[in-house]
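Trainee: Sharing input.cif below, mmCIF, C-alpha atoms and all ligand atoms:
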```
data_work
loop_
_atom_site.label_atom_id
_atom_site.label_comp_id
_atom_site.auth_asym_id
_atom_site.auth_seq_id
_atom_site.Cartn_x
_atom_site.Cartn_y
_atom_site.Cartn_z
CA MET G 1 -36.10 -3.69 2.98
CA LEU G 2 -32.78 -2.29 4.15
CA LYS G 3 -31.80 1.14 2.78
CA VAL G 4 -28.08 1.62 2.35
CA CYS G 5 -26.61 4.91 1.26
CA PHE G 6 -23.08 5.19 -0.21
CA ILE G 7 -21.98 8.74 0.42
CA SER G 8 -18.87 10.91 0.76
CA MET G 9 -18.07 14.57 0.30
CA LYS G 10 -15.12 13.76 -1.88
CA GLY G 11 -15.20 12.68 -5.52
CA GLY G 12 -13.39 9.55 -6.61
CA THR G 13 -13.55 7.70 -3.31
CA GLY G 14 -15.53 4.86 -4.89
CA LYS G 15 -19.19 5.58 -4.11
CA THR G 16 -20.32 4.47 -7.55
CA THR G 17 -17.84 1.61 -7.84
CA LEU G 18 -18.64 0.18 -4.41
CA SER G 19 -22.40 0.75 -4.57
CA VAL G 20 -22.46 -1.18 -7.87
CA LEU G 21 -20.10 -3.89 -6.60
CA PHE G 22 -22.05 -4.23 -3.35
CA SER G 23 -25.31 -4.49 -5.33
CA TYR G 24 -23.78 -7.27 -7.46
CA TYR G 25 -22.69 -9.01 -4.28
CA LEU G 26 -26.22 -8.87 -2.83
CA VAL G 27 -27.79 -10.09 -6.09
CA GLN G 28 -25.27 -12.90 -6.24
CA ARG G 29 -26.33 -13.91 -2.70
CA GLY G 30 -29.92 -14.13 -3.91
CA LEU G 31 -31.24 -10.80 -2.61
CA SER G 32 -33.39 -8.51 -4.75
CA VAL G 33 -31.84 -5.06 -5.13
CA LEU G 34 -32.87 -1.61 -6.30
CA LEU G 35 -29.92 0.66 -7.03
CA MET G 36 -30.98 4.31 -6.90
CA ASP G 37 -28.65 6.57 -8.84
CA MET G 38 -28.93 9.83 -6.87
CA ASP G 39 -26.03 11.53 -8.68
CA PRO G 40 -26.97 13.79 -11.63
CA GLN G 41 -23.64 12.77 -13.17
CA GLY G 42 -25.26 9.36 -13.65
CA ASN G 43 -22.10 7.28 -13.42
CA ALA G 44 -23.91 4.20 -12.12
CA THR G 45 -26.51 4.61 -14.85
CA ILE G 46 -23.86 4.84 -17.55
CA ALA G 47 -22.14 1.74 -16.13
CA LEU G 48 -25.31 -0.33 -15.90
CA ALA G 49 -28.20 0.89 -17.98
CA GLU G 50 -29.09 -0.48 -21.35
CA SER G 51 -29.09 2.14 -24.08
CA LYS G 52 -32.89 2.03 -24.07
CA VAL G 53 -33.04 4.40 -21.08
CA PHE G 54 -31.50 7.10 -23.34
CA ASP G 55 -33.10 8.62 -26.43
CA ASP G 56 -31.26 9.42 -29.69
CA ARG G 57 -29.99 12.70 -28.28
CA GLY G 58 -28.64 11.05 -25.15
CA PHE G 59 -31.43 12.25 -22.83
CA LEU G 60 -32.99 9.96 -20.28
CA THR G 61 -36.32 8.42 -21.21
CA LYS G 62 -37.02 7.23 -17.68
CA GLY G 63 -35.61 7.54 -14.19
CA PHE G 64 -35.04 9.73 -11.21
CA PRO G 65 -35.73 13.19 -12.80
CA PHE G 66 -39.24 12.03 -13.81
CA VAL G 67 -39.91 10.80 -10.29
CA ILE G 68 -38.85 14.17 -8.83
CA GLU G 69 -40.94 16.02 -11.40
CA SER G 70 -44.11 14.17 -10.48
CA PHE G 71 -43.36 14.48 -6.76
CA LEU G 72 -43.09 18.27 -7.13
CA SER G 73 -46.10 18.66 -9.41
CA PRO G 74 -49.29 20.13 -7.94
CA GLY G 75 -51.92 17.53 -7.10
CA PHE G 76 -49.36 14.77 -6.65
CA SER G 77 -51.07 11.77 -5.12
CA ARG G 78 -49.45 9.05 -3.10
CA GLU G 79 -51.19 6.28 -5.07
CA ASP G 80 -50.06 7.66 -8.42
CA PHE G 81 -46.58 8.08 -7.05
CA GLY G 82 -46.10 4.32 -6.59
CA ARG G 83 -47.00 3.79 -10.24
CA VAL G 84 -44.75 6.63 -11.41
CA VAL G 85 -41.80 5.27 -9.44
CA SER G 86 -42.25 1.71 -10.76
CA SER G 87 -42.57 2.90 -14.35
CA ASN G 88 -39.28 4.77 -14.02
CA ILE G 89 -37.31 1.77 -12.80
CA GLU G 90 -35.21 -0.18 -15.27
CA GLU G 91 -34.82 -3.95 -15.05
CA LEU G 92 -31.20 -4.93 -15.55
CA ASP G 93 -32.05 -8.18 -17.27
CA SER G 94 -29.36 -8.30 -19.94
CA VAL G 95 -27.07 -11.29 -20.41
CA LYS G 96 -24.64 -9.93 -17.82
CA ARG G 97 -27.16 -9.15 -15.13
CA GLU G 98 -29.92 -10.73 -13.17
CA THR G 99 -33.65 -10.11 -13.16
CA ASN G 100 -33.77 -9.35 -9.42
CA PHE G 101 -31.57 -6.33 -9.92
CA HIS G 102 -33.25 -3.02 -10.79
CA LEU G 103 -32.01 0.52 -11.37
CA LEU G 104 -33.61 3.92 -10.91
CA PRO G 105 -31.55 5.72 -13.58
CA ASN G 106 -30.35 9.31 -13.40
CA PHE G 107 -28.55 11.65 -15.75
CA LEU G 108 -28.11 15.41 -15.68
CA GLU G 109 -31.73 16.59 -15.49
CA SER G 110 -32.23 15.85 -11.79
CA HIS G 111 -29.73 18.60 -10.98
CA LYS G 112 -32.22 21.33 -11.82
CA TYR G 113 -34.63 20.10 -9.13
CA ASP G 114 -32.09 20.54 -6.38
CA LEU G 115 -33.21 24.04 -5.37
CA HIS G 116 -36.91 23.23 -5.82
CA LEU G 117 -36.56 20.41 -3.34
CA VAL G 118 -34.90 22.70 -0.81
CA SER G 119 -37.29 25.59 -1.26
CA ASN G 120 -40.48 23.59 -0.88
CA HIS G 121 -39.21 21.74 2.20
CA ALA G 122 -39.74 18.41 0.48
CA VAL G 123 -36.23 17.13 1.09
CA PRO G 124 -36.74 15.25 4.35
CA VAL G 125 -39.60 13.16 2.99
CA PHE G 126 -38.67 12.79 -0.64
CA VAL G 127 -36.65 9.57 -0.58
CA ARG G 128 -38.84 8.11 2.16
CA GLU G 129 -41.85 8.67 -0.10
CA ILE G 130 -40.14 6.89 -2.98
CA LEU G 131 -39.19 3.97 -0.76
CA ASP G 132 -42.64 3.73 0.84
CA SER G 133 -44.22 3.65 -2.60
CA LEU G 134 -42.18 0.52 -3.40
CA ASN G 135 -44.13 -1.39 -0.76
CA ALA G 136 -41.11 -3.29 0.51
CA GLY G 137 -40.57 -4.75 -2.96
CA TYR G 138 -36.83 -5.27 -2.53
CA ASP G 139 -34.55 -6.85 0.05
CA ALA G 140 -32.20 -3.90 -0.24
CA VAL G 141 -32.17 -0.41 -1.72
CA VAL G 142 -28.68 0.89 -2.48
CA MET G 143 -28.23 4.64 -3.04
CA ASP G 144 -25.28 6.08 -4.96
CA CYS G 145 -24.95 9.74 -3.89
CA PRO G 146 -23.35 12.81 -5.50
CA PRO G 147 -19.85 13.82 -4.35
CA TYR G 148 -21.10 17.07 -2.80
CA LEU G 149 -23.75 18.14 -0.34
CA SER G 150 -27.04 18.78 -2.14
CA SER G 151 -30.70 18.36 -1.34
CA LEU G 152 -30.42 14.93 -2.97
CA SER G 153 -27.63 13.89 -0.59
CA TYR G 154 -29.69 15.07 2.37
CA ALA G 155 -32.71 13.21 1.02
CA ALA G 156 -30.59 10.06 0.84
CA LEU G 157 -29.31 10.60 4.39
CA TYR G 158 -32.87 11.12 5.66
CA GLY G 159 -34.04 7.96 3.89
CA ALA G 160 -31.22 5.58 4.83
CA ASP G 161 -30.93 2.96 7.59
CA VAL G 162 -27.23 2.37 7.04
CA ILE G 163 -24.57 4.79 5.82
CA VAL G 164 -21.47 3.56 4.00
CA ILE G 165 -18.66 6.08 3.54
CA PRO G 166 -16.10 4.95 0.95
CA ALA G 167 -12.82 6.58 1.91
CA GLU G 168 -9.32 6.81 0.56
CA ALA G 169 -6.43 6.49 2.99
CA SER G 170 -4.84 9.89 2.53
CA LYS G 171 -4.65 13.21 4.34
CA PHE G 172 -7.55 14.66 2.33
CA GLY G 173 -9.44 11.38 2.52
CA LEU G 174 -9.50 11.68 6.31
CA VAL G 175 -10.69 15.29 6.12
CA GLY G 176 -13.55 14.15 3.86
CA VAL G 177 -14.56 11.49 6.39
CA GLU G 178 -14.51 14.02 9.22
CA LEU G 179 -16.74 16.42 7.25
CA LEU G 180 -19.26 13.72 6.39
CA LEU G 181 -19.44 12.47 9.98
CA THR G 182 -20.13 16.06 11.04
CA VAL G 183 -22.97 16.31 8.51
CA VAL G 184 -24.39 12.96 9.68
CA GLY G 185 -24.16 14.16 13.29
CA ASP G 186 -26.21 17.24 12.33
CA VAL G 187 -28.84 15.10 10.61
CA VAL G 188 -29.09 12.89 13.68
CA ARG G 189 -29.50 15.89 15.99
CA ARG G 190 -31.78 18.02 13.86
CA ARG G 191 -34.03 15.33 12.45
CA ASN G 192 -33.82 12.73 15.11
CA ALA G 193 -32.51 10.29 12.52
CA HIS G 194 -31.43 6.91 13.77
CA TYR G 195 -28.95 4.77 11.87
CA LYS G 196 -28.54 1.04 12.33
CA ASN G 197 -24.94 1.45 11.35
CA ILE G 198 -22.43 3.96 10.00
CA ILE G 199 -19.55 2.29 8.20
CA ILE G 200 -16.33 3.66 6.73
CA GLN G 201 -15.15 1.46 3.84
CA PRO G 202 -11.47 2.03 3.04
CA ASN G 203 -11.04 1.85 -0.74
CA ARG G 204 -8.24 2.20 -3.32
CA ILE G 205 -5.66 1.01 -0.79
CA LYS G 206 -2.17 0.86 -2.21
CA ASN G 207 0.90 -0.81 -0.83
CA THR G 208 2.72 2.45 -0.11
CA LYS G 209 4.05 3.80 3.17
CA ALA G 210 1.76 6.84 3.05
CA CYS G 211 -1.36 4.79 2.33
CA ILE G 212 -0.62 2.31 5.12
CA PHE G 213 0.08 5.20 7.50
CA TYR G 214 -3.27 6.91 6.77
CA LEU G 215 -5.16 3.62 6.86
CA GLU G 216 -3.81 3.01 10.36
CA ALA G 217 -4.66 6.60 11.33
CA MET G 218 -8.22 6.07 10.04
CA ARG G 219 -8.59 2.82 11.97
CA GLU G 220 -7.32 4.45 15.13
CA LYS G 221 -9.45 7.58 14.90
CA TYR G 222 -12.69 5.92 13.77
CA ALA G 223 -12.20 2.47 15.29
CA GLN G 224 -15.90 1.67 15.69
CA PHE G 225 -16.80 2.70 12.12
CA VAL G 226 -14.10 1.20 9.88
CA SER G 227 -14.95 -2.01 8.03
CA PRO G 228 -12.31 -4.68 8.74
CA VAL G 229 -11.46 -5.52 5.10
CA PHE G 230 -10.24 -2.74 2.79
CA VAL G 231 -10.63 -2.73 -1.00
CA LYS G 232 -7.32 -2.59 -2.83
CA GLU G 233 -6.54 -0.28 -5.73
CA THR G 234 -6.51 -2.66 -8.69
CA VAL G 235 -7.69 -2.57 -12.31
CA GLU G 236 -9.74 -5.66 -11.49
CA VAL G 237 -12.23 -3.59 -9.46
CA PRO G 238 -13.45 -1.40 -12.37
CA ARG G 239 -13.37 -4.53 -14.53
CA MET G 240 -15.75 -6.28 -12.14
CA VAL G 241 -18.10 -3.29 -12.37
CA ARG G 242 -17.98 -3.65 -16.14
CA ASP G 243 -18.38 -7.46 -16.15
CA GLY G 244 -21.44 -7.55 -13.88
CA VAL G 245 -22.77 -10.07 -11.37
CA ARG G 246 -21.22 -12.96 -13.25
CA SER G 247 -17.72 -11.65 -12.57
CA PHE G 248 -18.06 -13.22 -9.11
CA GLY G 249 -17.91 -16.71 -10.61
CA VAL G 250 -15.52 -19.59 -10.06
CA GLY G 251 -11.89 -19.18 -11.04
CA MET G 252 -11.73 -15.57 -9.88
CA SER G 253 -8.29 -13.96 -9.75
CA SER G 254 -6.85 -13.23 -6.30
CA GLN G 255 -7.49 -9.50 -6.83
CA ARG G 256 -11.16 -10.14 -7.53
CA LEU G 257 -11.39 -12.51 -4.59
CA GLN G 258 -9.96 -9.80 -2.33
CA ALA G 259 -12.65 -7.34 -3.47
CA VAL G 260 -15.36 -9.95 -2.89
CA GLU G 261 -14.00 -10.62 0.61
CA ALA G 262 -14.26 -6.89 1.31
CA MET G 263 -17.90 -6.92 0.11
CA GLU G 264 -18.59 -9.93 2.33
CA ALA G 265 -17.20 -8.11 5.38
CA LEU G 266 -19.17 -5.00 4.41
CA PHE G 267 -22.31 -7.14 4.08
CA ASP G 268 -21.81 -8.47 7.61
CA LYS G 269 -21.55 -4.94 8.96
CA VAL G 270 -24.46 -3.58 6.90
CA PHE G 271 -26.79 -6.37 8.01
CA GLU G 272 -25.44 -6.52 11.57
CA GLU G 273 -28.23 -6.64 14.14
N1 LIG N 1 -10.62 -0.18 -5.69
C1 LIG N 1 -10.39 0.46 -6.83
N2 LIG N 1 -9.34 0.11 -7.63
C2 LIG N 1 -9.11 0.76 -8.78
N3 LIG N 1 -9.86 1.76 -9.25
C3 LIG N 1 -10.90 2.17 -8.51
C4 LIG N 1 -11.24 1.55 -7.28
N4 LIG N 1 -12.33 2.16 -6.77
C5 LIG N 1 -12.67 3.13 -7.65
N5 LIG N 1 -11.81 3.12 -8.70
C6 LIG N 1 -11.81 4.05 -9.85
O1 LIG N 1 -11.72 5.37 -9.36
C7 LIG N 1 -12.53 6.26 -10.10
C8 LIG N 1 -13.52 6.95 -9.16
O2 LIG N 1 -14.40 5.95 -8.63
P1 LIG N 1 -15.95 6.23 -8.47
O3 LIG N 1 -16.58 4.99 -7.98
O4 LIG N 1 -16.50 6.83 -9.73
O5 LIG N 1 -15.93 7.35 -7.32
P2 LIG N 1 -17.10 8.31 -6.79
O6 LIG N 1 -18.40 7.73 -7.22
O7 LIG N 1 -16.92 8.32 -5.31
O8 LIG N 1 -16.82 9.66 -7.39
C9 LIG N 1 -13.18 5.43 -11.18
O9 LIG N 1 -12.44 5.55 -12.36
C10 LIG N 1 -13.11 4.01 -10.65
O10 LIG N 1 -13.04 3.05 -11.68
MG MG N 2 -19.98 8.52 -8.31
#
```
Give the structure from this file in structure tokens form.
Mentor:
Amino acid sequence: MLKVCFISMKGGTGKTTLSVLFSYYLVQRGLSVLLMDMDPQGNATIALAESKVFDDRGFLTKGFPFVIESFLSPGFSREDFGRVVSSNIEELDSVKRETNFHLLPNFLESHKYDLHLVSNHAVPVFVREILDSLNAGYDAVVMDCPPYLSSLSYAALYGADVIVIPAEASKFGLVGVELLLTVVGDVVRRRNAHYKNIIIQPNRIKNTKACIFYLEAMREKYAQFVSPVFVKETVEVPRMVRDGVRSFGVGMSSQRLQAVEAMEALFDKVFEE
């Protein structure tokens, strides 16, 4: 069970888009996938979940906040935790999606646990505990992180085997990459974390002079980290997120094919031995 965390310090770089697209790609290759929505803004949940995970007032009925709540409650037992986690996972078995694709939904409420997690020193073990309780039930766990540094982002970093950093090719995009690599370096030093791979995935690449300039700069500066195939900026990418696993089918447009090729190259790097 490989744990892959999509993380960046910048909003809008494509964490949600690429974590969903990469999950589709894995499912389409026959792997079973759990997508963990670690962002209280719940963008992946809104994109994927059936309305049944929300009640009439728009509050979550299951998902990540309930898992955190039970983890932090006194008398929490490891055995119960496995059951709590499973009962908070949503099967994405609608017409568009496949049965071997599951989601741990999230929306707003998990935010309030941020400080609790920090203050009771639970952060380093929290995601590991969730993943252990799954008993290797998936081929891959994909984590979609918040666009800022919180206890949830640290928990994801502590729980991951592979880190994927979606990055825009711009001046600020490069600053964001530098900051995240610094944070990852700290985690490695302080917690003795070991990553199988750290990958920068260029995303939203446009055919402009500035974009090409910063893409080259990124490749030069972070040569060993940058995935070889970038994802272009095209309306087809959000459309694929909307259309689901089946959008990878025959007769794909060249824009969709380009995005799939990028996922294929990312797959090779993520699963590299
Ligand atoms: N390759 C792309 N081409 C076009 N639009 C994209 C692409 N990647 C992301 N987007 C769009 O950019 C916005 C931010 O992407 P998102 O995945 O939500 O970023 P993050 O999760 O990092 O904040 C969304 O509206 C998304 O549809
Ligand atoms: Mg997001």
Trainee: Which residues are near ligand MG 2 (chain N) - at most 8 Å, using only C-alpha atoms and all ligand atoms? Format: as an MDAnalysis selection string.
Mentor: chainID G and resid 11:12 14:17 39 41:44 144:147
Trainee: Show me which residues line ligand LIG 1 (chain N), defined as having an atom within 10 Å of a ligand atom where all atoms listed in the file count, and present them as a VMD selection string.
Mentor: chain G and resid 6 to 21 39 41 to 44 47 144 to 148 165 to 168 202 to 206 230 to 242 255 259
Trainee: Of the candidates G:Pro105, G:Gly82, G:Gly249, G:Gly30, which shows the shortest atom-to-atom distance to G:Pro65, using only C-alpha atoms?
Mentor: G:Pro105
Trainee: Using all atoms listed in the file, can you tell me which of G:Asp132, G:Glu178, G:Asp80, G:Glu220 comes closest to G:Gly159?
Mentor: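 Using all atoms listed in the file, G:Gly159 sits closest to G:Asp132.
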Trainee: Which residue is closest to G:Phe225? Choose from G:Asp186, G:Val177, G:Lys3, G:Ser247 and count only C-alpha atoms.
Mentor: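 Selected residue with least distance to G:Phe225: G:Val177.
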Trainee: I'd like the neighbourhood of G:Leu104 as a ChimeraX atom specification, where a residue qualifies if any of its atoms comes within 10 Å (using only C-alpha atoms), though same-chain residues fewer than 4 positions away should be ignored.
Mentor: /G:34-38,44-45,49,62-65,67,85-91,143
Trainee: Atom CA of G:Leu179 and atom CA of G:Val125 are how many Å apart?
Mentor: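 Spanning atom CA of G:Leu179 to atom CA of G:Val125 is a straight-line distance of 23.5 Å.
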Trainee: Do a neighbour search on G:Val4 at 8 Å with all atoms listed in the file, toss out local chain neighbours closer than 3 positions, and write the hits as a PyMOL selection string.
Mentor: chain G and resi 140-143+160-164+270
Trainee: Tell me which residues come within 12 Å of (-26.1, 17.3, 8.3), as an mmCIF file with C-alpha atoms, keeping the file's coordinate frame, counting all atoms listed in the file in the file's coordinates.
Mentor:
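And here's result.cif as it stands now:
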```
data_model
loop_
_atom_site.group_PDB
_atom_site.id
_atom_site.type_symbol
_atom_site.label_atom_id
_atom_site.label_comp_id
_atom_site.auth_asym_id
_atom_site.auth_seq_id
_atom_site.Cartn_x
_atom_site.Cartn_y
_atom_site.Cartn_z
ATOM 1 C CA MET G 9 -18.070 14.570 0.300
ATOM 2 C CA PRO G 124 -36.740 15.250 4.350
ATOM 3 C CA LEU G 149 -23.750 18.140 -0.340
ATOM 4 C CA SER G 150 -27.040 18.780 -2.140
ATOM 5 C CA SER G 151 -30.700 18.360 -1.340
ATOM 6 C CA SER G 153 -27.630 13.890 -0.590
ATOM 7 C CA TYR G 154 -29.690 15.070 2.370
ATOM 8 C CA ALA G 155 -32.710 13.210 1.020
ATOM 9 C CA ALA G 156 -30.590 10.060 0.840
ATOM 10 C CA LEU G 157 -29.310 10.600 4.390
ATOM 11 C CA TYR G 158 -32.870 11.120 5.660
ATOM 12 C CA LEU G 179 -16.740 16.420 7.250
ATOM 13 C CA LEU G 180 -19.260 13.720 6.390
ATOM 14 C CA LEU G 181 -19.440 12.470 9.980
ATOM 15 C CA THR G 182 -20.130 16.060 11.040
ATOM 16 C CA VAL G 183 -22.970 16.310 8.510
ATOM 17 C CA VAL G 184 -24.390 12.960 9.680
ATOM 18 C CA GLY G 185 -24.160 14.160 13.290
ATOM 19 C CA ASP G 186 -26.210 17.240 12.330
ATOM 20 C CA VAL G 187 -28.840 15.100 10.610
ATOM 21 C CA VAL G 188 -29.090 12.890 13.680
ATOM 22 C CA ARG G 189 -29.500 15.890 15.990
ATOM 23 C CA ARG G 190 -31.780 18.020 13.860
ATOM 24 C CA ARG G 191 -34.030 15.330 12.450
ATOM 25 C CA ASN G 192 -33.820 12.730 15.110
ATOM 26 C CA ALA G 193 -32.510 10.290 12.520
#
```
Trainee: Which of these residues is nearest to G:Leu2, using only C-alpha atoms: G:Lys196, G:Arg256, G:Arg246, G:Arg29?
Mentor: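 Checking each candidate against G:Leu2, we get G:Lys196 as the closest.
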Trainee: List as a VMD selection string the protein and nucleic acid residues near G:Val27, meaning an atom at most 9 Å away when all atoms listed in the file are counted, but skip any in the same chain fewer than 4 places from it.
Mentor: chain G and resid 22 to 23 31 to 33 98 100 to 101 245
Trainee: Go ahead and write the residues just picked, C-alpha atoms, as a PDB file, in the coordinates of the input.
Mentor:
```
ATOM      1  CA  PHE G  22     -22.050  -4.230  -3.350  1.00  0.00           C
ATOM      2  CA  SER G  23     -25.310  -4.490  -5.330  1.00  0.00           C
ATOM      3  CA  LEU G  31     -31.240 -10.800  -2.610  1.00  0.00           C
ATOM      4  CA  SER G  32     -33.390  -8.510  -4.750  1.00  0.00           C
ATOM      5  CA  VAL G  33     -31.840  -5.060  -5.130  1.00  0.00           C
ATOM      6  CA  GLU G  98     -29.920 -10.730 -13.170  1.00  0.00           C
ATOM      7  CA  ASN G 100     -33.770  -9.350  -9.420  1.00  0.00           C
ATOM      8  CA  PHE G 101     -31.570  -6.330  -9.920  1.00  0.00           C
ATOM      9  CA  VAL G 245     -22.770 -10.070 -11.370  1.00  0.00           C
TER      10      VAL G 245
END
```
Trainee: Just to confirm, what's the straight-line distance from atom CA of G:Asn197 to atom CA of G:Phe271 in Å (one decimal)?
Mentor: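 Result for atom CA of G:Asn197 versus atom CA of G:Phe271: 8.7 Å, one decimal.
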Trainee: Go through G:Ser170, G:Ser133, G:Thr61, G:Ser70 and flag the residue nearest G:Asn106, using all atoms listed in the file for the distances.
Mentor: G:Thr61
